[in-house]
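Reading through the structure tokens given below for one structure.
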Amino acid sequence: MNDTPRDVEVRMMQMFAQRTPAERLRMASGMFDAGKKLMEAGLKRENPSLNEAQLRTRIFLRLYGDCYSQEEIEKIVKHIPNMQLDTD
């Protein structure tokens, strides 16, 4: 879905192009952090009893679960202290 008028989209892209690479990186990082916080809030609302390890596991799976095989996911998750693979 794109409800942004074309002239506004062009102007916005021009404004982004005028930013330095560091500014664009900072913006992208901020958007990623905001998205991650929204994800975390939603997960906590769905299941308030999640501990930190379970929460981190679920965030990892939502962000990267389709990028790795089940075997790779299990290896990655083992490297986070006190974390068990919890996929439900």
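Chain identifiers are assigned as A, B, and so on, following the order in which chains appear in the structure tokens; residues are numbered from 1 within each chain, and ligands are numbered from 1 in order of appearance.
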| Which residues in stretch 6-88 of chain A does DSSP call helix (DSSP H, G or I)? List them as a PyMOL selection string. | chain A and resi 6-18+21-46+52-64+70-78
| request: Mind checking which residues fall within 12 Å of stretch 30-36 of chain A, counting only C-alpha atoms, ignoring those fewer than 2 positions away in the same chain, and posting them as a list in words? | output: Glu23, Arg24, Leu25, Arg26, Met27, Ala28, Leu38, Met39, Glu40, Ala41, Gly42, Leu43, Leu55, Arg56, Arg58, Ile59, Phe60, Arg62 and Leu63 of chain A
Please save C-alpha atoms of the selected residues as a short mmCIF file (atom, residue, chain, number, x, y, z; two decimals), in the first residue's frame.
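Okay, again-v5.cif is ready:
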```
data_model
loop_
_atom_site.label_atom_id
_atom_site.label_comp_id
_atom_site.auth_asym_id
_atom_site.auth_seq_id
_atom_site.Cartn_x
_atom_site.Cartn_y
_atom_site.Cartn_z
CA GLU A 23 22.86 10.86 9.34
CA ARG A 24 21.10 8.29 7.15
CA LEU A 25 22.66 5.47 9.15
CA ARG A 26 21.56 7.12 12.39
CA MET A 27 18.02 7.43 11.04
CA ALA A 28 17.92 3.80 9.90
CA LEU A 38 7.34 -2.13 19.40
CA MET A 39 7.95 -5.84 18.85
CA GLU A 40 9.13 -6.24 22.44
CA ALA A 41 6.09 -4.40 23.80
CA GLY A 42 3.76 -6.60 21.75
CA LEU A 43 5.45 -9.78 22.92
CA LEU A 55 11.89 -12.40 24.98
CA ARG A 56 15.25 -12.15 23.19
CA ARG A 58 11.28 -14.51 20.22
CA ILE A 59 12.61 -11.21 18.92
CA PHE A 60 15.47 -13.05 17.20
CA ARG A 62 10.74 -12.79 14.37
CA LEU A 63 13.61 -10.85 12.86
#
```
